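Visitor: The structure file query-v2.pdb (PDB, C-alpha atoms (C1' of nucleotides)) is provided below.
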ATOM      1  CA  MET A   1       0.000   0.000   0.000  1.00  0.00           C
ATOM      2  CA  ALA A   2       3.035   2.285  -0.202  1.00  0.00           C
ATOM      3  CA  LYS A   3       2.779   5.151  -2.641  1.00  0.00           C
ATOM      4  CA  LEU A   4       6.017   5.575  -4.536  1.00  0.00           C
ATOM      5  CA  SER A   5       8.197   8.159  -2.826  1.00  0.00           C
ATOM      6  CA  TYR A   6       9.327  11.549  -4.008  1.00  0.00           C
ATOM      7  CA  SER A   7      12.863  10.244  -4.352  1.00  0.00           C
ATOM      8  CA  TYR A   8      11.722   7.337  -6.536  1.00  0.00           C
ATOM      9  CA  TYR A   9      10.601   9.787  -9.199  1.00  0.00           C
ATOM     10  CA  GLN A  10      13.741  11.895  -8.946  1.00  0.00           C
ATOM     11  CA  ASN A  11      15.881   9.179 -10.539  1.00  0.00           C
ATOM     12  CA  ILE A  12      17.810  10.746 -13.414  1.00  0.00           C
ATOM     13  CA  ASP A  13      17.809   7.436 -15.319  1.00  0.00           C
ATOM     14  CA  VAL A  14      14.414   7.560 -17.018  1.00  0.00           C
ATOM     15  CA  ASN A  15      14.887   4.157 -18.638  1.00  0.00           C
ATOM     16  CA  ALA A  16      15.519   2.542 -15.257  1.00  0.00           C
ATOM     17  CA  VAL A  17      12.309   4.080 -13.957  1.00  0.00           C
ATOM     18  CA  ALA A  18      10.377   2.946 -17.044  1.00  0.00           C
ATOM     19  CA  VAL A  19      11.491  -0.637 -16.411  1.00  0.00           C
ATOM     20  CA  ASP A  20      10.885  -0.451 -12.680  1.00  0.00           C
ATOM     21  CA  LEU A  21       7.346   0.883 -13.101  1.00  0.00           C
ATOM     22  CA  LEU A  22       6.347  -2.450 -14.627  1.00  0.00           C
ATOM     23  CA  GLY A  23       4.468  -4.291 -11.879  1.00  0.00           C
ATOM     24  CA  LYS A  24       3.599  -1.127  -9.958  1.00  0.00           C
ATOM     25  CA  TYR A  25      -0.073  -0.306  -9.343  1.00  0.00           C
ATOM     26  CA  LEU A  26      -1.608   2.823 -10.861  1.00  0.00           C
ATOM     27  CA  PHE A  27      -4.765   4.194  -9.246  1.00  0.00           C
ATOM     28  CA  THR A  28      -7.119   7.071  -9.897  1.00  0.00           C
ATOM     29  CA  SER A  29      -9.907   8.393  -7.733  1.00  0.00           C
ATOM     30  CA  ILE A  30     -12.276  10.455  -9.871  1.00  0.00           C
ATOM     31  CA  ASP A  31     -15.309  11.903  -8.099  1.00  0.00           C
ATOM     32  CA  GLY A  32     -14.934   9.194  -5.491  1.00  0.00           C
ATOM     33  CA  THR A  33     -14.673   6.382  -8.031  1.00  0.00           C
ATOM     34  CA  VAL A  34     -11.483   4.389  -7.525  1.00  0.00           C
ATOM     35  CA  THR A  35     -10.008   2.363 -10.382  1.00  0.00           C
ATOM     36  CA  GLY A  36      -6.599   0.794 -10.647  1.00  0.00           C
ATOM     37  CA  GLY A  37      -4.374  -1.797 -12.231  1.00  0.00           C
ATOM     38  CA  ILE A  38      -0.898  -3.144 -12.769  1.00  0.00           C
ATOM     39  CA  ILE A  39       1.395  -1.291 -15.160  1.00  0.00           C
ATOM     40  CA  VAL A  40       2.527  -3.763 -17.835  1.00  0.00           C
ATOM     41  CA  GLU A  41       3.864  -1.488 -20.582  1.00  0.00           C
ATOM     42  CA  THR A  42       5.865   1.760 -20.552  1.00  0.00           C
ATOM     43  CA  GLU A  43       8.000   3.946 -22.773  1.00  0.00           C
ATOM     44  CA  ALA A  44      10.834   6.248 -21.710  1.00  0.00           C
ATOM     45  CA  TYR A  45      11.098   9.772 -23.105  1.00  0.00           C
ATOM     46  CA  LYS A  46      14.471  11.249 -22.341  1.00  0.00           C
ATOM     47  CA  GLY A  47      13.854  14.957 -22.230  1.00  0.00           C
ATOM     48  CA  ALA A  48      15.853  17.452 -24.221  1.00  0.00           C
ATOM     49  CA  GLU A  49      18.136  14.907 -25.880  1.00  0.00           C
ATOM     50  CA  ASP A  50      15.342  12.684 -27.234  1.00  0.00           C
ATOM     51  CA  LYS A  51      13.978  13.587 -30.665  1.00  0.00           C
ATOM     52  CA  ALA A  52      10.747  11.737 -29.890  1.00  0.00           C
ATOM     53  CA  SER A  53      10.090  13.855 -26.804  1.00  0.00           C
ATOM     54  CA  HIS A  54       7.875  16.927 -26.782  1.00  0.00           C
ATOM     55  CA  ALA A  55      10.697  18.591 -24.868  1.00  0.00           C
ATOM     56  CA  TYR A  56      13.388  17.810 -27.447  1.00  0.00           C
ATOM     57  CA  ALA A  57      16.102  20.456 -27.660  1.00  0.00           C
ATOM     58  CA  GLY A  58      14.745  22.064 -24.527  1.00  0.00           C
ATOM     59  CA  ARG A  59      11.458  23.102 -26.104  1.00  0.00           C
ATOM     60  CA  PHE A  60       9.508  24.811 -23.362  1.00  0.00           C
ATOM     61  CA  THR A  61       5.856  25.681 -23.961  1.00  0.00           C
ATOM     62  CA  SER A  62       2.668  25.863 -21.971  1.00  0.00           C
ATOM     63  CA  ARG A  63       2.102  22.202 -22.781  1.00  0.00           C
ATOM     64  CA  THR A  64       5.592  20.882 -22.005  1.00  0.00           C
ATOM     65  CA  GLN A  65       6.238  22.925 -18.880  1.00  0.00           C
ATOM     66  CA  THR A  66       4.834  20.099 -16.762  1.00  0.00           C
ATOM     67  CA  MET A  67       7.686  17.843 -17.833  1.00  0.00           C
ATOM     68  CA  TYR A  68      10.223  20.324 -16.459  1.00  0.00           C
ATOM     69  CA  GLU A  69       8.755  20.133 -12.994  1.00  0.00           C
ATOM     70  CA  ASP A  70      10.034  17.861 -10.270  1.00  0.00           C
ATOM     71  CA  GLY A  71       9.593  14.157 -10.886  1.00  0.00           C
ATOM     72  CA  GLY A  72       6.415  12.802  -9.354  1.00  0.00           C
ATOM     73  CA  LEU A  73       3.798  14.722 -11.319  1.00  0.00           C
ATOM     74  CA  ALA A  74       1.353  13.517 -13.983  1.00  0.00           C
ATOM     75  CA  TYR A  75       1.841  14.783 -17.531  1.00  0.00           C
ATOM     76  CA  VAL A  76      -1.383  14.395 -19.500  1.00  0.00           C
ATOM     77  CA  TYR A  77      -1.939  15.693 -22.997  1.00  0.00           C
ATOM     78  CA  LEU A  78      -4.364  15.276 -25.865  1.00  0.00           C
ATOM     79  CA  CYS A  79      -3.158  13.302 -28.866  1.00  0.00           C
ATOM     80  CA  TYR A  80      -4.772  13.282 -32.315  1.00  0.00           C
ATOM     81  CA  GLY A  81      -7.458  15.516 -30.889  1.00  0.00           C
ATOM     82  CA  ILE A  82      -9.127  12.482 -29.353  1.00  0.00           C
ATOM     83  CA  HIS A  83      -7.004  10.582 -26.875  1.00  0.00           C
ATOM     84  CA  HIS A  84      -5.539  11.599 -23.563  1.00  0.00           C
ATOM     85  CA  LEU A  85      -2.110  10.098 -22.879  1.00  0.00           C
ATOM     86  CA  PHE A  86      -0.749   9.755 -19.356  1.00  0.00           C
ATOM     87  CA  ASN A  87       2.919  10.075 -18.432  1.00  0.00           C
ATOM     88  CA  VAL A  88       4.847  10.044 -15.189  1.00  0.00           C
ATOM     89  CA  VAL A  89       7.255  12.982 -14.920  1.00  0.00           C
ATOM     90  CA  THR A  90      10.663  11.831 -13.667  1.00  0.00           C
ATOM     91  CA  GLY A  91      14.013  13.349 -12.804  1.00  0.00           C
ATOM     92  CA  PRO A  92      14.829  16.496 -10.858  1.00  0.00           C
ATOM     93  CA  LYS A  93      13.249  19.863 -11.596  1.00  0.00           C
ATOM     94  CA  GLY A  94      14.439  21.287 -14.917  1.00  0.00           C
ATOM     95  CA  ILE A  95      15.028  17.880 -16.527  1.00  0.00           C
ATOM     96  CA  PRO A  96      11.986  17.052 -18.726  1.00  0.00           C
ATOM     97  CA  HIS A  97      12.109  13.271 -18.537  1.00  0.00           C
ATOM     98  CA  ALA A  98       8.847  11.317 -18.650  1.00  0.00           C
ATOM     99  CA  VAL A  99       7.563   7.756 -18.807  1.00  0.00           C
ATOM    100  CA  LEU A 100       4.490   7.069 -20.959  1.00  0.00           C
ATOM    101  CA  ILE A 101       2.182   4.431 -19.475  1.00  0.00           C
ATOM    102  CA  ARG A 102       0.952   2.299 -22.377  1.00  0.00           C
ATOM    103  CA  GLY A 103      -0.581  -0.820 -20.838  1.00  0.00           C
ATOM    104  CA  LEU A 104      -2.426  -1.695 -17.619  1.00  0.00           C
ATOM    105  CA  GLU A 105      -3.867  -4.904 -16.210  1.00  0.00           C
ATOM    106  CA  PRO A 106      -7.164  -3.985 -14.510  1.00  0.00           C
ATOM    107  CA  VAL A 107      -7.370  -4.842 -10.804  1.00  0.00           C
ATOM    108  CA  GLU A 108      -9.834  -2.532  -9.109  1.00  0.00           C
ATOM    109  CA  GLY A 109     -13.077  -0.847 -10.181  1.00  0.00           C
ATOM    110  CA  LEU A 110     -13.459  -2.999 -13.270  1.00  0.00           C
ATOM    111  CA  GLU A 111     -17.138  -2.147 -13.682  1.00  0.00           C
ATOM    112  CA  HIS A 112     -16.304   1.572 -13.788  1.00  0.00           C
ATOM    113  CA  MET A 113     -13.622   0.963 -16.402  1.00  0.00           C
ATOM    114  CA  LEU A 114     -16.074  -1.007 -18.528  1.00  0.00           C
ATOM    115  CA  SER A 115     -18.601   1.796 -18.233  1.00  0.00           C
ATOM    116  CA  ARG A 116     -16.101   4.490 -19.214  1.00  0.00           C
ATOM    117  CA  ARG A 117     -15.067   2.441 -22.230  1.00  0.00           C
ATOM    118  CA  GLY A 118     -18.616   1.656 -23.258  1.00  0.00           C
ATOM    119  CA  MET A 119     -17.948  -2.056 -22.922  1.00  0.00           C
ATOM    120  CA  SER A 120     -20.086  -4.738 -21.286  1.00  0.00           C
ATOM    121  CA  ILE A 121     -17.594  -7.569 -20.991  1.00  0.00           C
ATOM    122  CA  LEU A 122     -13.878  -7.551 -20.262  1.00  0.00           C
ATOM    123  CA  LYS A 123     -11.691  -7.605 -23.329  1.00  0.00           C
ATOM    124  CA  SER A 124      -7.951  -7.104 -23.283  1.00  0.00           C
ATOM    125  CA  ASN A 125      -8.185  -3.891 -25.278  1.00  0.00           C
ATOM    126  CA  ILE A 126      -9.953  -2.164 -22.382  1.00  0.00           C
ATOM    127  CA  THR A 127      -6.597  -0.851 -21.138  1.00  0.00           C
ATOM    128  CA  ALA A 128      -4.153  -1.963 -23.858  1.00  0.00           C
ATOM    129  CA  GLY A 129      -2.746   1.248 -25.298  1.00  0.00           C
ATOM    130  CA  PRO A 130      -2.165   4.685 -23.796  1.00  0.00           C
ATOM    131  CA  GLY A 131      -5.379   6.301 -25.039  1.00  0.00           C
ATOM    132  CA  ALA A 132      -7.490   3.332 -24.022  1.00  0.00           C
ATOM    133  CA  LEU A 133      -6.132   3.061 -20.488  1.00  0.00           C
ATOM    134  CA  ALA A 134      -6.437   6.798 -19.886  1.00  0.00           C
ATOM    135  CA  LYS A 135     -10.090   6.616 -20.823  1.00  0.00           C
ATOM    136  CA  ALA A 136     -10.686   3.546 -18.663  1.00  0.00           C
ATOM    137  CA  MET A 137      -9.035   5.259 -15.697  1.00  0.00           C
ATOM    138  CA  GLY A 138     -10.922   8.515 -16.200  1.00  0.00           C
ATOM    139  CA  ILE A 139      -7.707  10.403 -16.904  1.00  0.00           C
ATOM    140  CA  ASP A 140      -8.038  13.677 -18.777  1.00  0.00           C
ATOM    141  CA  LYS A 141      -6.352  17.062 -18.875  1.00  0.00           C
ATOM    142  CA  ASN A 142      -7.727  17.909 -15.464  1.00  0.00           C
ATOM    143  CA  LEU A 143      -5.020  15.617 -14.116  1.00  0.00           C
ATOM    144  CA  ASN A 144      -2.173  17.322 -15.938  1.00  0.00           C
ATOM    145  CA  SER A 145       0.397  18.439 -13.339  1.00  0.00           C
ATOM    146  CA  ALA A 146      -1.410  16.469 -10.632  1.00  0.00           C
ATOM    147  CA  ASP A 147       0.856  15.373  -7.765  1.00  0.00           C
ATOM    148  CA  LEU A 148       1.299  11.588  -7.801  1.00  0.00           C
ATOM    149  CA  GLN A 149       1.402  11.637  -3.994  1.00  0.00           C
ATOM    150  CA  GLY A 150      -2.037  13.238  -3.898  1.00  0.00           C
ATOM    151  CA  ASP A 151      -5.394  11.484  -3.694  1.00  0.00           C
ATOM    152  CA  LEU A 152      -6.542  11.849  -7.325  1.00  0.00           C
ATOM    153  CA  ILE A 153      -3.901   9.730  -9.049  1.00  0.00           C
ATOM    154  CA  TRP A 154      -1.013   7.765  -7.571  1.00  0.00           C
ATOM    155  CA  VAL A 155       1.267   4.750  -8.003  1.00  0.00           C
ATOM    156  CA  GLU A 156       1.777   2.056  -5.369  1.00  0.00           C
ATOM    157  CA  ASP A 157       4.446  -0.579  -4.844  1.00  0.00           C
ATOM    158  CA  ARG A 158       2.670  -3.730  -3.685  1.00  0.00           C
ATOM    159  CA  GLY A 159       5.742  -5.906  -3.914  1.00  0.00           C
ATOM    160  CA  LEU A 160       5.045  -7.204  -7.389  1.00  0.00           C
ATOM    161  CA  GLY A 161       8.023  -7.258  -9.726  1.00  0.00           C
ATOM    162  CA  PHE A 162       9.076  -8.945 -12.922  1.00  0.00           C
ATOM    163  CA  LYS A 163      12.288 -10.753 -13.676  1.00  0.00           C
ATOM    164  CA  ASN A 164      14.472  -9.459 -16.466  1.00  0.00           C
ATOM    165  CA  GLU A 165      13.563 -12.391 -18.681  1.00  0.00           C
ATOM    166  CA  GLN A 166       9.873 -11.475 -18.372  1.00  0.00           C
ATOM    167  CA  ILE A 167      10.508  -7.963 -19.690  1.00  0.00           C
ATOM    168  CA  VAL A 168      10.941  -7.129 -23.361  1.00  0.00           C
ATOM    169  CA  ALA A 169      12.655  -3.958 -24.620  1.00  0.00           C
ATOM    170  CA  CYS A 170      11.899  -2.837 -28.174  1.00  0.00           C
ATOM    171  CA  PRO A 171      11.501   0.351 -30.237  1.00  0.00           C
ATOM    172  CA  ARG A 172       8.819   2.808 -29.233  1.00  0.00           C
ATOM    173  CA  VAL A 173       5.487   3.088 -31.010  1.00  0.00           C
ATOM    174  CA  GLY A 174       4.422   5.958 -33.237  1.00  0.00           C
ATOM    175  CA  VAL A 175       7.663   7.898 -33.203  1.00  0.00           C
ATOM    176  CA  ALA A 176       8.850   7.408 -36.784  1.00  0.00           C
ATOM    177  CA  TYR A 177       9.365  11.175 -36.975  1.00  0.00           C
ATOM    178  CA  ALA A 178      12.200  10.893 -34.439  1.00  0.00           C
ATOM    179  CA  GLU A 179      14.700   9.868 -37.136  1.00  0.00           C
ATOM    180  CA  ASP A 180      17.742   8.181 -35.589  1.00  0.00           C
ATOM    181  CA  HIS A 181      16.012   8.020 -32.224  1.00  0.00           C
ATOM    182  CA  ALA A 182      13.007   6.127 -33.572  1.00  0.00           C
ATOM    183  CA  LEU A 183      14.664   2.752 -33.146  1.00  0.00           C
ATOM    184  CA  LEU A 184      15.974   3.194 -29.600  1.00  0.00           C
ATOM    185  CA  PRO A 185      14.669   0.228 -27.544  1.00  0.00           C
ATOM    186  CA  TRP A 186      12.954   2.362 -24.943  1.00  0.00           C
ATOM    187  CA  ARG A 187       9.600   0.603 -24.950  1.00  0.00           C
ATOM    188  CA  TYR A 188       9.269  -1.976 -22.185  1.00  0.00           C
ATOM    189  CA  PHE A 189       6.513  -4.503 -21.597  1.00  0.00           C
ATOM    190  CA  VAL A 190       5.727  -7.718 -19.768  1.00  0.00           C
ATOM    191  CA  LYS A 191       6.129 -10.663 -22.088  1.00  0.00           C
ATOM    192  CA  GLY A 192       2.881 -12.445 -22.858  1.00  0.00           C
ATOM    193  CA  ASN A 193       0.633 -10.087 -20.893  1.00  0.00           C
ATOM    194  CA  ARG A 194      -2.660  -9.599 -22.711  1.00  0.00           C
ATOM    195  CA  PHE A 195      -2.964  -5.953 -21.698  1.00  0.00           C
ATOM    196  CA  VAL A 196       0.104  -4.910 -23.670  1.00  0.00           C
ATOM    197  CA  SER A 197      -0.818  -2.706 -26.654  1.00  0.00           C
ATOM    198  CA  LYS A 198      -0.912  -4.033 -30.151  1.00  0.00           C
ATOM    199  CA  PRO A 199       2.297  -3.565 -32.130  1.00  0.00           C
ATOM    200  CA  ASN A 200       3.861  -6.645 -30.512  1.00  0.00           C
ATOM    201  CA  LYS A 201       5.945  -7.865 -33.384  1.00  0.00           C
ATOM    202  CA  TYR A 202       9.140  -7.670 -31.340  1.00  0.00           C
ATOM    203  CA  ILE A 203       8.283 -10.467 -28.907  1.00  0.00           C
TER     204      ILE A 203
ATOM    205  C1'  DG B 204      -4.288  34.483 -37.613  1.00  0.00           C
ATOM    206  C1'  DT B 205      -3.411  30.387 -40.306  1.00  0.00           C
ATOM    207  C1'  DG B 206      -2.038  25.659 -41.429  1.00  0.00           C
ATOM    208  C1'  DC B 207      -0.122  21.295 -40.510  1.00  0.00           C
ATOM    209  C1'  DG B 208       0.088  17.007 -38.292  1.00  0.00           C
ATOM    210  C1'  DG B 209       0.363  14.046 -34.207  1.00  0.00           C
ATOM    211  C1'  DA B 210       3.735   9.334 -28.185  1.00  0.00           C
ATOM    212  C1'  DT B 211      -4.108   6.488 -31.214  1.00  0.00           C
ATOM    213  C1'  DG B 212      -8.024   3.483 -31.578  1.00  0.00           C
ATOM    214  C1'  DA B 213     -11.806   1.522 -33.814  1.00  0.00           C
ATOM    215  C1'  DA B 214     -14.378   0.516 -37.632  1.00  0.00           C
ATOM    216  C1'  DC B 215     -14.132  -0.553 -41.863  1.00  0.00           C
ATOM    217  C1'  DT B 216     -12.712  -3.472 -46.650  1.00  0.00           C
TER     218       DT B 216
ATOM    219  C1'  DG C 217      -4.329  -3.377 -44.442  1.00  0.00           C
ATOM    220  C1'  DT C 218      -6.723   1.114 -44.767  1.00  0.00           C
ATOM    221  C1'  DT C 219      -9.435   4.992 -43.281  1.00  0.00           C
ATOM    222  C1'  DC C 220     -10.978   8.420 -40.429  1.00  0.00           C
ATOM    223  C1'  DA C 221     -12.539  10.750 -36.269  1.00  0.00           C
ATOM    224  C1'  DT C 222     -11.352  15.386 -34.192  1.00  0.00           C
ATOM    225  C1'  DC C 223      -8.735  19.329 -31.910  1.00  0.00           C
ATOM    226  C1'  DC C 224      -5.052  21.730 -30.128  1.00  0.00           C
ATOM    227  C1'  DG C 225      -0.090  22.561 -29.867  1.00  0.00           C
ATOM    228  C1'  DC C 226       3.244  24.701 -32.303  1.00  0.00           C
ATOM    229  C1'  DA C 227       5.767  27.092 -35.981  1.00  0.00           C
ATOM    230  C1'  DC C 228       5.467  30.621 -38.991  1.00  0.00           C
ATOM    231  C1'  DT C 229       3.249  34.964 -41.248  1.00  0.00           C
TER     232       DT C 229
END
Output the structure of this file as structure tokens.
Guide:
Amino acid sequence: MAKLSYSYYQNIDVNAVAVDLLGKYLFTSIDGTVTGGIIVETEAYKGAEDKASHAYAGRFTSRTQTMYEDGGLAYVYLCYGIHHLFNVVTGPKGIPHAVLIRGLEPVEGLEHMLSRRGMSILKSNITAGPGALAKAMGIDKNLNSADLQGDLIWVEDRGLGFKNEQIVACPRVGVAYAEDHALLPWRYFVKGNRFVSKPNKYI
DNA sequence: GTGCGGATGAACT
DNA sequence: GTTCATCCGCACT
């Protein structure tokens, strides 16, 4: 039941955090409705030096300013005009590192997730993919810059972890524009888990 | 002020 | 495999 500490998020090694977040529990409490699940897929975005990052080359705008804050905040933004994507801000203040949460295994509040997704029975795509899981968890721009030690959205360590051989590293999804950084193996997921998002050809 | 295109998902053929 | 929904961030005039 331990929320991840302030110092956990301050880690300068965003890839290490992305790997370590696998097996942690993400929760939201929206208008008193609690939903949560196990993180099974992440991607690391390495701030100013990463061409796939919104903060590449130190770009600082009203959208990206959240990423420059202290690690331990939520970075939520709208993608393709339709989908909210949820990231964990990591690293010390001024370093815009972030970890995109791409896959979640539902654990708590399943009926609320189904309702938010307009589904009647559980299918793996309920939380497979960043846009899908944000919708299932009720995450939208209201949670941008939210403190992950607060009571709206948080991450817990419940002692679950995965061995190295259960974790796959492969290129990130949807970042073809990032040129030579597009093939960096900074996407991590739990091998064989059904709540990992689709492009799985690297298993 | 305008124009382009995206860290996607779902519904098609 | 292809299409398209749908809107704002961002670069440039």
Visitor: In Å, with one decimal, what is the gap from atom C1' of C:DT219 to atom CA of A:Leu133?
Guide: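 Those two atoms sit 23.1 Å apart.
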Visitor: Please write as a CSV table (one decimal) with C-alpha atoms, in the frame of the given file the full residue list that the PyMOL selection byres ((chain A) within 12 of (chain C)) yields on this file.
Guide:
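Result went into expr29.csv, see below:
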chain,number,residue,atom,x,y,z
A,54,HIS,CA,7.9,16.9,-26.8
A,59,ARG,CA,11.5,23.1,-26.1
A,60,PHE,CA,9.5,24.8,-23.4
A,61,THR,CA,5.9,25.7,-24.0
A,62,SER,CA,2.7,25.9,-22.0
A,63,ARG,CA,2.1,22.2,-22.8
A,64,THR,CA,5.6,20.9,-22.0
A,77,TYR,CA,-1.9,15.7,-23.0
A,78,LEU,CA,-4.4,15.3,-25.9
A,79,CYS,CA,-3.2,13.3,-28.9
A,80,TYR,CA,-4.8,13.3,-32.3
A,81,GLY,CA,-7.5,15.5,-30.9
A,82,ILE,CA,-9.1,12.5,-29.4
A,83,HIS,CA,-7.0,10.6,-26.9
A,84,HIS,CA,-5.5,11.6,-23.6
Visitor: Select all residues from chain A having any atom no more than 9 Å from an atom of chain B (counting all atoms listed in the file, ignoring ligands), output as a list in words.
Guide: Glu43, Tyr45, Ala52, Ser53, His54, Cys79, Tyr80, Gly81, Ile82, His83, Leu85, Leu100, Gly129, Pro130, Gly131, Ala132, Arg172, Val173, Gly174 and Val175 of chain A
Visitor: Just to be explicit: take each residue in the selection above, keep C-alpha atoms, and write the result as a PDB file, in the frame of the given file.
Guide:
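Below you can see result-v3.pdb, which holds the result:
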ATOM      1  CA  GLU A  43       8.000   3.946 -22.773  1.00  0.00           C
ATOM      2  CA  TYR A  45      11.098   9.772 -23.105  1.00  0.00           C
ATOM      3  CA  ALA A  52      10.747  11.737 -29.890  1.00  0.00           C
ATOM      4  CA  SER A  53      10.090  13.855 -26.804  1.00  0.00           C
ATOM      5  CA  HIS A  54       7.875  16.927 -26.782  1.00  0.00           C
ATOM      6  CA  CYS A  79      -3.158  13.302 -28.866  1.00  0.00           C
ATOM      7  CA  TYR A  80      -4.772  13.282 -32.315  1.00  0.00           C
ATOM      8  CA  GLY A  81      -7.458  15.516 -30.889  1.00  0.00           C
ATOM      9  CA  ILE A  82      -9.127  12.482 -29.353  1.00  0.00           C
ATOM     10  CA  HIS A  83      -7.004  10.582 -26.875  1.00  0.00           C
ATOM     11  CA  LEU A  85      -2.110  10.098 -22.879  1.00  0.00           C
ATOM     12  CA  LEU A 100       4.490   7.069 -20.959  1.00  0.00           C
ATOM     13  CA  GLY A 129      -2.746   1.248 -25.298  1.00  0.00           C
ATOM     14  CA  PRO A 130      -2.165   4.685 -23.796  1.00  0.00           C
ATOM     15  CA  GLY A 131      -5.379   6.301 -25.039  1.00  0.00           C
ATOM     16  CA  ALA A 132      -7.490   3.332 -24.022  1.00  0.00           C
ATOM     17  CA  ARG A 172       8.819   2.808 -29.233  1.00  0.00           C
ATOM     18  CA  VAL A 173       5.487   3.088 -31.010  1.00  0.00           C
ATOM     19  CA  GLY A 174       4.422   5.958 -33.237  1.00  0.00           C
ATOM     20  CA  VAL A 175       7.663   7.898 -33.203  1.00  0.00           C
TER      21      VAL A 175
END
Visitor: Quick check, in Å to one decimal: how far apart do atom CA of A:Leu152 and atom CA of A:Asp31 lie?
Guide: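 Taking atom CA of A:Leu152 and atom CA of A:Asp31, their separation equals 8.8 Å.
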Visitor: Name all residues at most 9 Å from A:Ser29 (count all atoms listed in the file; drop same-chain ones fewer than 2 positions away) and give them as a JSON list (two decimals) with C-alpha atoms, in the frame of the given file.
Guide:
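part30.json was written with the following content:
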[["chain", "number", "residue", "atom", "x", "y", "z"],
["A", 27, "PHE", "CA", -4.76, 4.19, -9.25],
["A", 31, "ASP", "CA", -15.31, 11.90, -8.10],
["A", 32, "GLY", "CA", -14.93, 9.19, -5.49],
["A", 33, "THR", "CA", -14.67, 6.38, -8.03],
["A", 34, "VAL", "CA", -11.48, 4.39, -7.52],
["A", 35, "THR", "CA", -10.01, 2.36, -10.38],
["A", 36, "GLY", "CA", -6.60, 0.79, -10.65],
["A", 137, "MET", "CA", -9.04, 5.26, -15.70],
["A", 138, "GLY", "CA", -10.92, 8.52, -16.20],
["A", 151, "ASP", "CA", -5.39, 11.48, -3.69],
["A", 152, "LEU", "CA", -6.54, 11.85, -7.32],
["A", 153, "ILE", "CA", -3.90, 9.73, -9.05],
["A", 154, "TRP", "CA", -1.01, 7.76, -7.57]]
Visitor: Can you give me, as an MDAnalysis selection string, the residues this file yields under the PyMOL selection byres ((chain A and resi 92) around 10)?
Guide: chainID A and resid 7 9:12 68:72 89:91 93:97
Visitor: To one decimal place in Å, what is the distance between atom CA of A:Asp147 and atom CA of A:Leu160?
Guide: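 Separation of atom CA of A:Asp147 and atom CA of A:Leu160: 23.0 Å.
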Visitor: Determine, counting only C-alpha atoms (C1' of nucleotides), which protein, DNA and RNA residues have an atom within 8 Å of an atom of stretch 183-191 of chain A; residues of the same chain fewer than 2 positions away are not included. Present the result as a list in words.
Guide: Asn15, Ala18, Val19, Leu22, Val40, Glu41, Thr42, Glu43, Ala44, Tyr45, Phe162, Gln166, Ile167, Val168, Ala169, Cys170, Pro171, Arg172, Val173, Asp180, His181, Asn193, Val196 and Ile203 of chain A
Visitor: Using only the atoms of stretch 206-213 of chain B listed in the file, plus 3 Å on each side, state the axis-aligned box centre and edge lengths in Å rounded to one decimal, as AutoDock Vina command-line options.
Guide:
--center_x -4.0 --center_y 13.6 --center_z -34.8 --size_x 21.5 --size_y 30.1 --size_z 19.2
